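**Student:** Next comes coords-v9.cif, mmCIF, C-alpha atoms:
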```cif
data_target
loop_
_atom_site.label_atom_id
_atom_site.label_comp_id
_atom_site.auth_asym_id
_atom_site.auth_seq_id
_atom_site.Cartn_x
_atom_site.Cartn_y
_atom_site.Cartn_z
CA MET W 1 155.48 12.57 49.39
CA LYS W 2 156.35 8.89 49.92
CA GLN W 3 156.44 9.47 53.68
CA LEU W 4 153.03 11.13 53.51
CA LYS W 5 151.51 8.19 51.61
CA SER W 6 152.91 5.74 54.13
CA ASN W 7 151.52 7.74 57.06
CA ALA W 8 148.71 5.86 58.86
CA VAL W 9 146.69 9.01 59.58
CA TYR W 10 146.87 10.06 55.93
CA LYS W 11 145.73 6.63 54.77
CA ARG W 12 142.80 6.63 57.18
CA ARG W 13 141.69 10.10 56.13
CA LEU W 14 142.06 9.25 52.45
CA ARG W 15 139.99 6.09 52.92
CA THR W 16 137.30 8.06 54.78
CA HIS W 17 137.32 10.69 52.04
CA ARG W 18 136.86 8.11 49.30
CA ILE W 19 134.04 6.38 51.19
CA GLY W 20 132.27 9.72 51.66
CA ILE W 21 132.66 10.61 47.98
CA PHE W 22 131.34 7.18 46.97
CA PHE W 23 128.19 7.40 49.10
CA SER W 24 127.60 11.04 48.08
CA THR W 25 127.87 10.14 44.40
CA ALA W 26 125.64 7.10 44.89
CA ALA W 27 123.00 9.20 46.64
CA MET W 28 123.11 11.80 43.86
CA ALA W 29 122.85 9.10 41.18
CA LEU W 30 119.90 7.50 42.99
CA GLY W 31 118.04 10.80 43.20
CA VAL W 32 118.74 11.70 39.57
CA SER W 33 117.70 8.23 38.40
CA PHE W 34 114.31 8.55 40.10
CA LEU W 35 113.88 12.02 38.60
CA LEU W 36 114.73 10.77 35.10
CA TRP W 37 112.38 7.81 35.60
CA ILE W 38 109.52 10.13 36.50
CA LEU W 39 110.25 12.43 33.55
CA PHE W 40 110.48 9.48 31.16
CA ILE W 41 107.07 8.13 32.21
CA LEU W 42 105.60 11.62 32.10
CA PHE W 43 106.80 12.24 28.54
CA ALA W 44 105.89 8.73 27.40
CA LYS W 45 102.30 8.96 28.63
CA GLY W 46 101.64 12.67 28.16
CA LEU W 47 103.44 13.68 24.98
CA GLY W 48 101.45 11.38 22.70
CA ALA W 49 98.13 13.02 23.63
CA LEU W 50 99.44 16.59 23.32
CA ASN W 51 97.75 18.26 20.35
CA TRP W 52 95.92 21.43 19.40
CA GLU W 53 92.58 20.12 20.70
CA VAL W 54 94.05 19.75 24.18
CA LEU W 55 95.00 23.43 24.12
CA SER W 56 91.79 24.74 22.55
CA ALA W 57 88.90 22.57 23.79
CA ALA W 58 87.32 22.47 27.25
CA THR W 59 87.34 19.39 29.47
CA PRO W 60 84.99 16.66 28.24
CA ALA W 61 81.93 15.30 30.01
CA PRO W 62 82.12 11.86 31.68
CA GLY W 63 82.46 9.14 29.08
CA GLU W 64 82.82 11.61 26.20
CA GLU W 65 85.73 11.22 23.79
CA GLY W 66 88.02 14.06 22.78
CA GLY W 67 88.08 17.33 24.66
CA GLY W 68 90.99 19.23 26.07
CA LEU W 69 92.28 21.33 28.92
CA ALA W 70 91.78 24.88 27.64
CA ASN W 71 89.51 25.94 30.52
CA ALA W 72 91.91 24.45 33.08
CA ILE W 73 94.91 26.15 31.45
CA LEU W 74 93.09 29.49 31.41
CA GLY W 75 92.09 29.15 35.05
CA SER W 76 95.60 28.19 36.16
CA VAL W 77 97.15 31.09 34.25
CA LEU W 78 94.72 33.59 35.75
CA MET W 79 94.98 32.37 39.34
CA VAL W 80 98.75 31.87 39.30
CA GLY W 81 99.20 35.22 37.54
CA PHE W 82 97.14 37.17 40.07
CA SER W 83 98.83 35.29 42.91
CA THR W 84 102.22 36.32 41.56
CA LEU W 85 101.11 39.95 41.25
CA ILE W 86 99.97 39.88 44.88
CA SER W 87 102.83 37.92 46.45
CA THR W 88 105.79 39.47 44.62
CA PRO W 89 105.57 43.09 45.87
CA ILE W 90 104.46 42.04 49.35
CA GLY W 91 107.20 39.43 49.67
CA ILE W 92 109.99 41.64 48.32
CA LEU W 93 109.03 44.65 50.46
CA ALA W 94 108.73 42.48 53.55
CA GLY W 95 112.13 40.91 52.82
CA VAL W 96 113.69 44.35 52.35
CA TYR W 97 112.27 45.48 55.68
CA LEU W 98 113.60 42.42 57.49
CA ALA W 99 117.07 42.79 55.96
CA GLU W 100 117.42 46.57 56.26
CA TYR W 101 115.40 47.59 59.31
CA GLY W 102 114.85 44.37 61.23
CA GLU W 103 118.32 43.58 62.55
CA LYS W 104 117.46 43.97 66.24
CA ASN W 105 113.71 44.28 66.36
CA TRP W 106 111.16 42.11 68.15
CA PHE W 107 108.66 42.67 65.36
CA SER W 108 111.10 41.33 62.75
CA ASP W 109 111.81 38.28 64.93
CA VAL W 110 108.10 37.55 65.16
CA THR W 111 107.75 38.08 61.39
CA ARG W 112 110.57 35.63 60.62
CA PHE W 113 109.01 33.11 62.99
CA VAL W 114 105.61 33.41 61.27
CA VAL W 115 107.26 33.15 57.84
CA ASP W 116 109.02 29.96 58.88
CA ILE W 117 105.73 28.50 60.12
CA MET W 118 103.99 29.40 56.86
CA LEU W 119 106.80 27.82 54.87
CA SER W 120 106.30 24.50 56.65
CA ALA W 121 102.51 24.65 56.90
CA PRO W 122 100.63 22.09 54.78
CA SER W 123 98.92 23.69 51.81
CA VAL W 124 95.62 22.03 52.74
CA VAL W 125 95.63 23.99 56.00
CA ILE W 126 96.01 27.25 54.08
CA GLY W 127 93.17 26.18 51.81
CA LEU W 128 90.92 25.50 54.80
CA PHE W 129 91.90 28.86 56.29
CA VAL W 130 90.88 30.75 53.13
CA TYR W 131 87.70 28.69 52.95
CA ALA W 132 86.79 29.67 56.50
CA ILE W 133 87.54 33.39 56.21
CA TYR W 134 86.44 34.00 52.61
CA VAL W 135 84.54 31.24 50.81
CA ALA W 136 82.23 30.48 53.74
CA HIS W 137 81.25 34.16 53.96
CA ILE W 138 80.55 34.75 50.28
CA HIS W 139 78.87 31.31 50.01
CA HIS W 140 80.50 30.25 46.74
CA PHE W 141 83.84 29.13 45.35
CA SER W 142 85.77 31.54 43.15
CA GLY W 143 89.02 32.16 41.35
CA TRP W 144 89.78 35.05 43.71
CA ALA W 145 89.69 32.65 46.66
CA GLY W 146 92.11 30.36 44.83
CA SER W 147 94.45 33.26 44.09
CA LEU W 148 94.36 34.31 47.74
CA ALA W 149 95.25 30.79 48.91
CA LEU W 150 98.12 30.54 46.42
CA SER W 151 99.36 33.99 47.45
CA LEU W 152 99.59 32.90 51.08
CA ILE W 153 101.77 30.00 49.96
CA ALA W 154 104.01 32.13 47.72
CA ILE W 155 104.56 35.12 50.02
CA PRO W 156 106.74 33.38 52.66
CA VAL W 157 108.92 31.87 49.91
CA VAL W 158 109.58 35.31 48.41
CA VAL W 159 110.11 36.89 51.84
CA ARG W 160 112.65 34.29 52.97
CA THR W 161 114.55 34.34 49.67
CA THR W 162 114.70 38.15 49.56
CA ASP W 163 115.86 38.33 53.18
CA ASN W 164 118.60 35.74 52.59
CA MET W 165 119.76 37.33 49.33
CA LEU W 166 120.02 40.82 50.83
CA ALA W 167 122.07 39.42 53.70
CA LEU W 168 124.74 38.41 51.16
CA VAL W 169 125.40 42.03 50.10
CA PRO W 170 128.75 43.16 51.60
CA ASN W 171 128.51 45.81 54.31
CA SER W 172 131.26 47.75 52.56
CA LEU W 173 128.88 48.42 49.67
CA ARG W 174 126.26 49.82 52.02
CA GLU W 175 128.83 51.90 53.91
CA ALA W 176 130.11 53.39 50.66
CA ALA W 177 126.58 54.43 49.71
CA PHE W 178 125.99 55.93 53.16
CA ALA W 179 129.29 57.80 52.90
CA LEU W 180 128.08 59.44 49.69
CA GLY W 181 125.02 60.72 51.55
CA ALA W 182 122.39 58.31 50.22
CA PRO W 183 119.37 57.85 52.50
CA ARG W 184 118.68 54.42 53.90
CA TRP W 185 115.68 53.65 51.70
CA LYS W 186 117.69 54.42 48.56
CA VAL W 187 120.52 52.21 49.78
CA ALA W 188 118.04 49.39 50.33
CA ILE W 189 116.27 49.71 46.97
CA PHE W 190 118.93 50.95 44.55
CA ILE W 191 122.03 49.33 46.07
CA ARG W 192 121.16 46.14 47.92
CA VAL W 193 118.16 45.01 45.89
CA LYS W 194 119.87 45.85 42.60
CA ALA W 195 122.95 43.88 43.61
CA VAL W 196 120.99 40.66 44.22
CA LYS W 197 118.02 41.06 41.89
CA ALA W 198 118.90 37.80 40.14
CA GLY W 199 118.59 35.92 43.45
CA ILE W 200 115.32 37.68 44.27
CA LEU W 201 113.98 36.78 40.84
CA THR W 202 114.95 33.17 41.52
CA GLY W 203 112.89 33.30 44.71
CA VAL W 204 109.88 34.63 42.81
CA LEU W 205 110.20 31.86 40.23
CA LEU W 206 110.62 29.30 43.02
CA ALA W 207 107.37 30.50 44.57
CA LEU W 208 105.72 30.44 41.14
CA ALA W 209 106.89 26.87 40.57
CA ARG W 210 105.54 25.79 43.95
CA ILE W 211 102.05 27.23 43.54
CA SER W 212 101.72 26.03 39.93
CA GLY W 213 101.15 22.46 41.08
CA GLU W 214 99.18 23.01 44.27
CA THR W 215 95.94 21.04 44.38
CA ALA W 216 94.69 20.90 47.98
CA PRO W 217 94.10 24.65 48.55
CA LEU W 218 92.25 24.97 45.23
CA LEU W 219 89.86 22.17 46.15
CA PHE W 220 88.59 24.35 49.02
CA THR W 221 88.66 27.69 47.18
CA ALA W 222 88.35 27.61 43.36
CA LEU W 223 87.00 24.05 43.10
CA ASN W 224 86.48 23.34 39.37
CA ASN W 225 84.44 24.29 36.33
CA GLN W 226 83.78 22.09 33.33
CA PHE W 227 83.16 25.10 31.07
CA MET W 228 85.35 27.93 29.84
CA ASN W 229 85.26 30.72 32.42
CA ALA W 230 87.31 33.90 32.77
CA ASP W 231 85.22 35.39 35.61
CA MET W 232 87.37 35.24 38.73
CA ASN W 233 84.28 35.59 40.92
CA LYS W 234 82.99 32.15 39.89
CA PRO W 235 84.28 28.58 40.37
CA MET W 236 87.21 28.14 38.02
CA ALA W 237 88.89 25.14 36.46
CA ASN W 238 92.61 24.68 37.00
CA LEU W 239 95.19 22.14 35.93
CA PRO W 240 96.10 20.66 39.36
CA VAL W 241 92.48 19.87 40.30
CA VAL W 242 91.67 18.55 36.82
CA ILE W 243 94.74 16.32 36.94
CA TYR W 244 93.70 15.06 40.38
CA GLN W 245 90.13 14.28 39.30
CA PHE W 246 90.93 12.85 35.88
CA ALA W 247 93.77 10.64 37.12
CA MET W 248 91.38 8.75 39.41
CA SER W 249 88.60 8.41 36.85
CA PRO W 250 87.63 5.13 35.11
CA TYR W 251 87.77 6.76 31.66
CA ASP W 252 90.85 6.26 29.50
CA ASN W 253 90.33 9.61 27.81
CA TRP W 254 90.33 11.44 31.15
CA ARG W 255 93.45 9.63 32.34
CA GLY W 256 95.23 10.56 29.11
CA LEU W 257 94.31 14.21 29.63
CA ALA W 258 95.60 13.97 33.20
CA TRP W 259 99.02 12.83 31.95
CA THR W 260 99.03 15.62 29.37
CA GLY W 261 98.13 18.19 32.02
CA ALA W 262 100.93 16.96 34.27
CA LEU W 263 103.33 17.29 31.34
CA LEU W 264 102.17 20.86 30.66
CA VAL W 265 102.74 21.87 34.28
CA THR W 266 106.22 20.31 34.24
CA LEU W 267 107.18 21.97 30.95
CA SER W 268 105.95 25.38 32.10
CA VAL W 269 107.97 25.24 35.33
CA LEU W 270 111.01 23.95 33.44
CA GLY W 271 110.68 26.71 30.86
CA LEU W 272 110.51 29.41 33.53
CA ASN W 273 113.66 28.11 35.20
CA ILE W 274 115.58 27.90 31.91
CA PHE W 275 114.45 31.41 30.97
CA SER W 276 115.55 32.86 34.31
CA ARG W 277 118.96 31.16 34.19
CA THR W 278 119.77 32.09 30.59
CA VAL W 279 118.02 35.18 29.23
CA LEU W 280 117.49 37.13 32.46
CA ALA W 281 120.82 36.18 34.03
CA LYS W 282 122.69 37.82 31.14
CA ARG W 283 121.03 41.16 31.90
CA VAL W 284 122.30 41.24 35.47
CA PRO W 285 125.47 43.37 35.70
CA GLN W 286 128.41 41.48 37.11
CA ALA W 287 130.26 42.95 40.08
#
```
Take the structure in the file and give it back as structure tokens.

**Tutor:**
Amino acid sequence: MKQLKSNAVYKRRLRTHRIGIFFSTAAMALGVSFLLWILFILFAKGLGALNWEVLSAATPAPGEEGGGLANAILGSVLMVGFSTLISTPIGILAGVYLAEYGEKNWFSDVTRFVVDIMLSAPSVVIGLFVYAIYVAHIHHFSGWAGSLALSLIAIPVVVRTTDNMLALVPNSLREAAFALGAPRWKVAIFIRVKAVKAGILTGVLLALARISGETAPLLFTALNNQFMNADMNKPMANLPVVIYQFAMSPYDNWRGLAWTGALLVTLSVLGLNIFSRTVLAKRVPQA
């Protein structure tokens, strides 16, 4: 051991290791400090204005005191909910196809390429696309257009996560199922998907977290609505657009509601992640 410590190569490698650990820890601490700073400001400015009126009253008129975010919360829940219902089955089925049937297939290669492009595409481009193919033809903004835009953002996230999760299933598990005479579709659904359903659920929640705060595509599709509205065929208020508009307003009341709305979005995403990692994770059978 003494000879090892006196070895020049060992000392150089140990010094390099310690320098790498130091910079890695410093980078992690820097990132966490910025995150805590943002959360602290968010809670400090948004928690004080959080009350029942914010959750029950509609957005106020310019210069009017009071009011809330009930119409924006309702619109966000409806659009994000319908987007999740659309993107989840499409994304999971597409991911299952790519993992099970798309090993050596030109169509699967093209699909993966398109999914990668959609993952990196700016959300404003997707909003403009939906505006051009849907809103411009029906001549009015609507909640359905907003749900469609959010679905196009969520689908590639679910597809990529499902494909990657299914690739982690050992081939021996599939071979054992085939040896028992199970058809390929049953192996894909009842063996592979069941084995990694926690990871697939994480992908769905990741997509849900991403679309919950999207503003740009909703500006071109759902726009906004000052009044309470549950009709998806009309312009619909939503938290991201209300936060964007109220944060730049000259009214203190509107800016306070913007901070509260940002806090609500953060708490909802945080709650979904905690729920998936605690309650749902316990229901997944361990191998």

**Student:** Measuring atom to atom with all atoms listed in the file, identify which of W:Arg210, W:His140, W:Lys234, W:His17 is nearest to Leu119 (chain W).

**Tutor:**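 Answer, going by the shortest atom-to-atom distance: W:Arg210.
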
**Student:** Any idea what the distance is between CA of Val135 (chain W) and CA of Thr221 (chain W)?

**Tutor:**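 Computed distance, CA of Val135 (chain W) to CA of Thr221 (chain W), equals 6.5 Å.
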
**Student:** What would the selection look like, as a ChimeraX atom specification, if the PyMOL selection byres ((chain W and resi 201-204) around 7) were run on the coordinates I just shared?

**Tutor:** /W:88,157-158,161,197-200,205-208

**Student:** Write out as an MDAnalysis selection string the residues lying within 10 Å of Asp252 (chain W), counting all atoms listed in the file and excluding same-chain residues fewer than 6 positions away.

**Tutor:** chainID W and resid 63 65 246 258

**Student:** From the list W:Leu270, W:Gly75, W:Ile153, W:Thr162, which residue is nearest Val124 (chain W) when using only C-alpha atoms?

**Tutor:**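 Nearest candidate to Val124 (chain W) out of W:Leu270, W:Gly75, W:Ile153, W:Thr162: W:Ile153.
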
**Student:** Out of W:Phe190, W:Trp259, W:Trp254, W:Phe275, which residue has the shortest atom-to-atom distance to Ala61 (chain W) when counting only C-alpha atoms?

**Tutor:**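 Checking each of W:Phe190, W:Trp259, W:Trp254, W:Phe275 against Ala61 (chain W), counting only C-alpha atoms, the winner is W:Trp254.
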
**Student:** When the PyMOL selection byres ((chain W and resi 240) around 9) is applied to the file above, which residues end up in the set, as a list in words?

**Tutor:**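 This file gives the following for the PyMOL selection byres ((chain W and resi 240) around 9): Ala72, Ser76, Ser212, Gly213, Glu214, Thr215, Ala216, Leu218, Ala237, Asn238, Leu239, Val241, Val242, Ile243, Tyr244, Gln245, Gly261, Ala262 and Val265 of chain W.
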
**Student:** Taking all atoms listed in the file into account, name the residue in W:Leu69, W:Leu30, W:Ala154, W:Ala247 that is nearest to Ile86 (chain W).

**Tutor:** W:Ala154

**Student:** For Pro156 (chain W), which residue out of W:Gly181, W:Pro170, W:Pro122, W:Gly95 is the nearest one, using all atoms listed in the file?

**Tutor:** W:Gly95

**Student:** So which one's closest to Leu166 (chain W), W:Val114, W:Ala149, W:Ala99, W:Ala182? Using all atoms listed in the file, please.

**Tutor:**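 Closest residue, counting all atoms listed in the file: W:Ala99.
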
**Student:** What does the distance from CA of Trp144 (chain W) to CA of Thr59 (chain W) come to in Å, to one decimal?

**Tutor:** 21.3 Å

**Student:** Would you mind completing region 243-268 of chain W to N, CA and C atoms and writing the output as a PDB file, keeping the file's coordinate frame?

**Tutor:**
```
ATOM      1  N   ILE W 243      93.834  17.470  36.932  1.00  0.00           N
ATOM      2  CA  ILE W 243      94.740  16.320  36.940  1.00  0.00           C
ATOM      3  C   ILE W 243      94.354  15.347  38.058  1.00  0.00           C
ATOM      4  N   TYR W 244      94.075  15.893  39.235  1.00  0.00           N
ATOM      5  CA  TYR W 244      93.700  15.060  40.380  1.00  0.00           C
ATOM      6  C   TYR W 244      92.419  14.279  40.102  1.00  0.00           C
ATOM      7  N   GLN W 245      91.413  14.942  39.551  1.00  0.00           N
ATOM      8  CA  GLN W 245      90.130  14.280  39.300  1.00  0.00           C
ATOM      9  C   GLN W 245      90.210  13.307  38.131  1.00  0.00           C
ATOM     10  N   PHE W 246      90.869  13.708  37.062  1.00  0.00           N
ATOM     11  CA  PHE W 246      90.930  12.850  35.880  1.00  0.00           C
ATOM     12  C   PHE W 246      91.821  11.637  36.097  1.00  0.00           C
ATOM     13  N   ALA W 247      92.865  11.774  36.902  1.00  0.00           N
ATOM     14  CA  ALA W 247      93.770  10.640  37.120  1.00  0.00           C
ATOM     15  C   ALA W 247      93.089   9.500  37.861  1.00  0.00           C
ATOM     16  N   MET W 248      92.075   9.791  38.658  1.00  0.00           N
ATOM     17  CA  MET W 248      91.380   8.750  39.410  1.00  0.00           C
ATOM     18  C   MET W 248      90.097   8.282  38.735  1.00  0.00           C
ATOM     19  N   SER W 249      89.838   8.759  37.532  1.00  0.00           N
ATOM     20  CA  SER W 249      88.600   8.410  36.850  1.00  0.00           C
ATOM     21  C   SER W 249      88.718   7.060  36.155  1.00  0.00           C
ATOM     22  N   PRO W 250      87.596   6.417  35.821  1.00  0.00           N
ATOM     23  CA  PRO W 250      87.630   5.130  35.110  1.00  0.00           C
ATOM     24  C   PRO W 250      87.725   5.288  33.595  1.00  0.00           C
ATOM     25  N   TYR W 251      87.781   6.526  33.100  1.00  0.00           N
ATOM     26  CA  TYR W 251      87.770   6.760  31.660  1.00  0.00           C
ATOM     27  C   TYR W 251      89.200   6.924  31.140  1.00  0.00           C
ATOM     28  N   ASP W 252      89.511   6.179  30.087  1.00  0.00           N
ATOM     29  CA  ASP W 252      90.850   6.260  29.500  1.00  0.00           C
ATOM     30  C   ASP W 252      91.145   7.652  28.947  1.00  0.00           C
ATOM     31  N   ASN W 253      90.129   8.278  28.368  1.00  0.00           N
ATOM     32  CA  ASN W 253      90.330   9.610  27.810  1.00  0.00           C
ATOM     33  C   ASN W 253      90.696  10.612  28.895  1.00  0.00           C
ATOM     34  N   TRP W 254      90.030  10.535  30.037  1.00  0.00           N
ATOM     35  CA  TRP W 254      90.330  11.440  31.150  1.00  0.00           C
ATOM     36  C   TRP W 254      91.732  11.191  31.697  1.00  0.00           C
ATOM     37  N   ARG W 255      92.110   9.932  31.820  1.00  0.00           N
ATOM     38  CA  ARG W 255      93.450   9.630  32.340  1.00  0.00           C
ATOM     39  C   ARG W 255      94.525  10.126  31.373  1.00  0.00           C
ATOM     40  N   GLY W 256      94.268  10.024  30.076  1.00  0.00           N
ATOM     41  CA  GLY W 256      95.230  10.560  29.110  1.00  0.00           C
ATOM     42  C   GLY W 256      95.378  12.070  29.224  1.00  0.00           C
ATOM     43  N   LEU W 257      94.252  12.754  29.439  1.00  0.00           N
ATOM     44  CA  LEU W 257      94.310  14.210  29.630  1.00  0.00           C
ATOM     45  C   LEU W 257      95.028  14.566  30.930  1.00  0.00           C
ATOM     46  N   ALA W 258      94.888  13.716  31.942  1.00  0.00           N
ATOM     47  CA  ALA W 258      95.600  13.970  33.200  1.00  0.00           C
ATOM     48  C   ALA W 258      97.112  13.905  32.987  1.00  0.00           C
ATOM     49  N   TRP W 259      97.584  12.909  32.244  1.00  0.00           N
ATOM     50  CA  TRP W 259      99.020  12.830  31.950  1.00  0.00           C
ATOM     51  C   TRP W 259      99.481  14.030  31.132  1.00  0.00           C
ATOM     52  N   THR W 260      98.672  14.453  30.176  1.00  0.00           N
ATOM     53  CA  THR W 260      99.030  15.620  29.370  1.00  0.00           C
ATOM     54  C   THR W 260      99.072  16.883  30.217  1.00  0.00           C
ATOM     55  N   GLY W 261      98.116  17.039  31.126  1.00  0.00           N
ATOM     56  CA  GLY W 261      98.130  18.190  32.020  1.00  0.00           C
ATOM     57  C   GLY W 261      99.349  18.211  32.917  1.00  0.00           C
ATOM     58  N   ALA W 262      99.723  17.036  33.437  1.00  0.00           N
ATOM     59  CA  ALA W 262     100.930  16.960  34.270  1.00  0.00           C
ATOM     60  C   ALA W 262     102.165  17.339  33.461  1.00  0.00           C
ATOM     61  N   LEU W 263     102.207  16.934  32.202  1.00  0.00           N
ATOM     62  CA  LEU W 263     103.330  17.290  31.340  1.00  0.00           C
ATOM     63  C   LEU W 263     103.380  18.795  31.091  1.00  0.00           C
ATOM     64  N   LEU W 264     102.219  19.412  30.890  1.00  0.00           N
ATOM     65  CA  LEU W 264     102.170  20.860  30.660  1.00  0.00           C
ATOM     66  C   LEU W 264     102.673  21.636  31.872  1.00  0.00           C
ATOM     67  N   VAL W 265     102.259  21.206  33.062  1.00  0.00           N
ATOM     68  CA  VAL W 265     102.740  21.870  34.280  1.00  0.00           C
ATOM     69  C   VAL W 265     104.250  21.739  34.413  1.00  0.00           C
ATOM     70  N   THR W 266     104.777  20.540  34.145  1.00  0.00           N
ATOM     71  CA  THR W 266     106.220  20.310  34.240  1.00  0.00           C
ATOM     72  C   THR W 266     106.977  21.149  33.234  1.00  0.00           C
ATOM     73  N   LEU W 267     106.496  21.195  31.992  1.00  0.00           N
ATOM     74  CA  LEU W 267     107.180  21.970  30.950  1.00  0.00           C
ATOM     75  C   LEU W 267     107.142  23.462  31.242  1.00  0.00           C
ATOM     76  N   SER W 268     106.038  23.952  31.790  1.00  0.00           N
ATOM     77  CA  SER W 268     105.950  25.380  32.100  1.00  0.00           C
ATOM     78  C   SER W 268     106.924  25.779  33.200  1.00  0.00           C
TER      79      SER W 268
END
```
